[in-house]
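Read the structure below first, then the notes.
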Amino acid sequence: MNEQAASAPSEGGADTFFDKVIRTLNGIGTLWILALLLLINADVLGRNLFNHPISGVIEMIELSMVAIVFLQLGDATRVGRLTRSDGFFGLILLRRPRIGYVMGAIFDFLGALFMFLILYGSWPLFRNAWVRDYYVGNEGLLTIPVWPVKLILLIGTVITLALFVAFVIRYVRAFRNAGRSA
């Protein structure tokens, strides 16, 4: 059982449009990893067999790493695959559910706050990359615009922020409902 599913109060029901968007972004990230794998292998073969490497592979990998992380961050959050220790938390949820709900709400609130801070700090970087047409690479060989990766970072951050807020709301509702039944 995954961590988020084991710890968060359930919200039952079929996949929402939001879940489908998150899974689609995760799939794009996975396909991007496959494309990088093929690109790296082609570069290695080009270097060793033909003494002709592919220009810009390093730059493509550098930009891709950030993009892939933020494409897949929402899905990792949604299915509870973010790094955290749930042993103690799970025990508290079983023995003292209301305390566990408070702990979960605090954790997810801090996650939302962290995502907000990333969003707040990244917006000016995206804007500058867009307006000033920043790129990586060498003119004449290969240049790659930076703004698409900055946009992916913003999208991934907004989605993850929304998920953390939804988790906080679930914990607050579960806390209230546990108080009524006690």
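In the structure tokens, chains take the letters A, B, ... in the order shown, each chain's residues start at 1, and ligands count up from 1 in the order shown.
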
Discussion item. Based on the backbone DSSP call, show me all residues of chain A assigned helix (DSSP H, G or I), as a PyMOL selection string.
Written reply: chain A and resi 3-7+17-50+57-78+87-95+97-131+147-181

Item to complete: Determine, counting only C-alpha atoms, which protein, DNA and RNA residues have an atom within 12 Å of an atom of A:Ser55; residues of the same chain fewer than 2 positions away are not included. Present the result as a list of chain:residue names.
Response: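 Here the qualifying residues turn out to be A:Leu39, A:Ile40, A:Ala42, A:Asp43, A:Val44, A:Gly46, A:Arg47, A:His52, A:Pro53, A:Val57, A:Ile58, A:Glu59, A:Met60, A:Ile61, A:Gly137, A:Asn138, A:Glu139, A:Gly140, A:Leu141, A:Leu142, A:Thr143, A:Ile144.
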
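Atom to atom, atom CA of A:Arg23 and atom CA of A:Leu82 stand 15.7 Å apart.
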
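For A:Tyr120, the set of protein, DNA and RNA residues having any atom at most 12 Å away, when counting only C-alpha atoms and skipping those fewer than 6 positions along the same chain, is A:Leu113, A:Phe114, A:Phe126, A:Arg127, A:Leu153, A:Leu154, A:Thr157, A:Val158, A:Leu161.
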
Mind dumping the selected residues with N, CA, C and O atoms as an mmCIF file, in the first residue's frame?
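As a result, selection-v1.cif now contains:
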```cif
data_model
loop_
_atom_site.group_PDB
_atom_site.id
_atom_site.type_symbol
_atom_site.label_atom_id
_atom_site.label_comp_id
_atom_site.auth_asym_id
_atom_site.auth_seq_id
_atom_site.Cartn_x
_atom_site.Cartn_y
_atom_site.Cartn_z
ATOM 1 N N LEU A 113 3.065 24.913 1.364
ATOM 2 C CA LEU A 113 3.841 26.138 1.566
ATOM 3 C C LEU A 113 5.147 26.083 0.777
ATOM 4 O O LEU A 113 5.526 27.061 0.117
ATOM 5 N N PHE A 114 5.802 24.956 0.812
ATOM 6 C CA PHE A 114 7.046 24.782 0.060
ATOM 7 C C PHE A 114 6.800 24.938 -1.446
ATOM 8 O O PHE A 114 7.565 25.599 -2.145
ATOM 9 N N PHE A 126 10.825 32.338 -14.958
ATOM 10 C CA PHE A 126 10.103 32.009 -16.187
ATOM 11 C C PHE A 126 9.884 33.262 -17.031
ATOM 12 O O PHE A 126 10.133 33.274 -18.234
ATOM 13 N N ARG A 127 9.412 34.312 -16.379
ATOM 14 C CA ARG A 127 9.124 35.558 -17.088
ATOM 15 C C ARG A 127 10.377 36.095 -17.780
ATOM 16 O O ARG A 127 10.337 36.483 -18.944
ATOM 17 N N LEU A 153 8.215 23.586 -15.000
ATOM 18 C CA LEU A 153 8.441 23.708 -13.564
ATOM 19 C C LEU A 153 7.247 24.379 -12.893
ATOM 20 O O LEU A 153 6.781 23.914 -11.848
ATOM 21 N N LEU A 154 6.742 25.450 -13.497
ATOM 22 C CA LEU A 154 5.576 26.144 -12.931
ATOM 23 C C LEU A 154 4.346 25.237 -12.913
ATOM 24 O O LEU A 154 3.627 25.178 -11.909
ATOM 25 N N THR A 157 4.683 22.560 -10.288
ATOM 26 C CA THR A 157 4.570 23.143 -8.949
ATOM 27 C C THR A 157 3.123 23.467 -8.612
ATOM 28 O O THR A 157 2.661 23.181 -7.498
ATOM 29 N N VAL A 158 2.390 24.042 -9.558
ATOM 30 C CA VAL A 158 0.979 24.374 -9.313
ATOM 31 C C VAL A 158 0.172 23.104 -9.045
ATOM 32 O O VAL A 158 -0.652 23.062 -8.118
ATOM 33 N N LEU A 161 1.119 21.773 -5.608
ATOM 34 C CA LEU A 161 0.534 22.673 -4.605
ATOM 35 C C LEU A 161 -0.949 22.362 -4.428
ATOM 36 O O LEU A 161 -1.438 22.233 -3.295
#
```

Worksheet entry | For stretch 29-37 of chain A: contacts at 7 Å, only C-alpha atoms, fewer than 5 positions along chain excluded, given as a PyMOL selection string | chain A and resi 68+71-72

Item to complete: Please return as a list of chain:residue names: the residues of stretch 5-149 of chain A that backbone DSSP assigns to strand (DSSP E or B).
Response: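 Residues of stretch 5-149 of chain A classed as strand (DSSP E or B): A:Tyr135, A:Val136, A:Gly137, A:Asn138, A:Leu142, A:Thr143, A:Ile144, A:Pro145.
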
How would the residues just chosen look if you wrote them out with all heavy atoms as a short mmCIF file (atom, residue, chain, number, x, y, z; two decimals), in the first residue's frame?
```cif
data_model
loop_
_atom_site.label_atom_id
_atom_site.label_comp_id
_atom_site.auth_asym_id
_atom_site.auth_seq_id
_atom_site.Cartn_x
_atom_site.Cartn_y
_atom_site.Cartn_z
N TYR A 135 18.53 31.13 -23.56
CA TYR A 135 18.76 29.83 -24.15
C TYR A 135 20.05 29.24 -23.59
O TYR A 135 20.86 29.94 -22.99
CB TYR A 135 18.82 29.90 -25.68
CG TYR A 135 19.97 30.74 -26.19
CD1 TYR A 135 21.22 30.16 -26.44
CD2 TYR A 135 19.82 32.10 -26.41
CE1 TYR A 135 22.27 30.93 -26.89
CE2 TYR A 135 20.88 32.87 -26.87
CZ TYR A 135 22.10 32.28 -27.11
OH TYR A 135 23.15 33.03 -27.55
N VAL A 136 20.22 27.95 -23.77
CA VAL A 136 21.47 27.28 -23.45
C VAL A 136 22.05 26.75 -24.75
O VAL A 136 21.33 26.56 -25.73
CB VAL A 136 21.30 26.13 -22.42
CG1 VAL A 136 20.84 26.66 -21.09
CG2 VAL A 136 20.36 25.07 -22.93
N GLY A 137 23.33 26.51 -24.76
CA GLY A 137 24.00 26.01 -25.94
C GLY A 137 24.90 27.06 -26.56
O GLY A 137 25.15 28.11 -25.97
N ASN A 138 25.38 26.77 -27.74
CA ASN A 138 26.28 27.66 -28.46
C ASN A 138 25.66 28.07 -29.78
O ASN A 138 25.26 27.21 -30.57
CB ASN A 138 27.62 26.96 -28.72
CG ASN A 138 28.33 26.57 -27.45
OD1 ASN A 138 28.46 27.38 -26.55
ND2 ASN A 138 28.78 25.33 -27.38
N LEU A 142 24.05 24.71 -31.55
CA LEU A 142 22.73 24.33 -31.06
C LEU A 142 22.35 25.26 -29.93
O LEU A 142 23.12 25.48 -29.01
CB LEU A 142 22.74 22.89 -30.54
CG LEU A 142 21.44 22.42 -29.90
CD1 LEU A 142 20.41 22.11 -30.97
CD2 LEU A 142 21.67 21.20 -29.05
N THR A 143 21.16 25.82 -30.02
CA THR A 143 20.63 26.62 -28.92
C THR A 143 19.25 26.08 -28.56
O THR A 143 18.47 25.71 -29.44
CB THR A 143 20.51 28.12 -29.29
OG1 THR A 143 19.70 28.26 -30.45
CG2 THR A 143 21.88 28.72 -29.54
N ILE A 144 19.00 26.02 -27.26
CA ILE A 144 17.72 25.50 -26.76
C ILE A 144 17.11 26.56 -25.85
O ILE A 144 17.75 26.98 -24.89
CB ILE A 144 17.93 24.19 -25.96
CG1 ILE A 144 18.68 23.16 -26.80
CG2 ILE A 144 16.60 23.65 -25.47
CD1 ILE A 144 19.16 21.96 -26.00
N PRO A 145 15.89 26.99 -26.14
CA PRO A 145 15.26 27.99 -25.25
C PRO A 145 15.01 27.40 -23.86
O PRO A 145 14.70 26.21 -23.72
CB PRO A 145 13.96 28.33 -25.96
CG PRO A 145 13.69 27.20 -26.87
CD PRO A 145 15.01 26.59 -27.23
#
```

Fill in: Nearest to A:Val149 by atom-to-atom distance, counting only C-alpha atoms, from A:Leu117, A:Leu25, A:Leu91, A:Met65
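Looking at the shortest contact to A:Val149, the residue is A:Met65.
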
Worksheet item: Of the candidates A:Leu49, A:Ala76, A:Leu38, A:Ile155, which shows the shortest atom-to-atom distance to A:Ile118, using only C-alpha atoms?
Response: A:Ile155

Worksheet entry | Nearest to A:Ile106 by atom-to-atom distance, counting only C-alpha atoms, from A:Tyr171, A:Trp147, A:Trp123, A:Trp130 | A:Tyr171

Worksheet entry | Å distance separating atom CA of A:Pro97 from atom CA of A:Phe164, one decimal place |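 Here the two named atoms are 19.4 Å from each other.
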
Worksheet item: Separation of atom CA of A:Leu119 and atom CA of A:Phe70, in Å?
Response: 11.8 Å

Worksheet item: Using only C-alpha atoms, which of A:Pro124, A:Gly87, A:Gly27, A:Gly156 sits nearest A:Gly100?
Response: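 Smallest distance to A:Gly100 is found for A:Gly87.
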
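By only C-alpha atoms, and with residues fewer than 3 positions from A:Ala105 along its chain excluded, the set lying at most 10 Å from it is Ala8, Ile99, Gly100, Tyr101, Val102, Asp108, Phe109, Leu110, Gly111, Phe164, Val165, Ala166, Phe167, Val168, Ile169, Arg170, Tyr171, Val172 and Phe175 of chain A.
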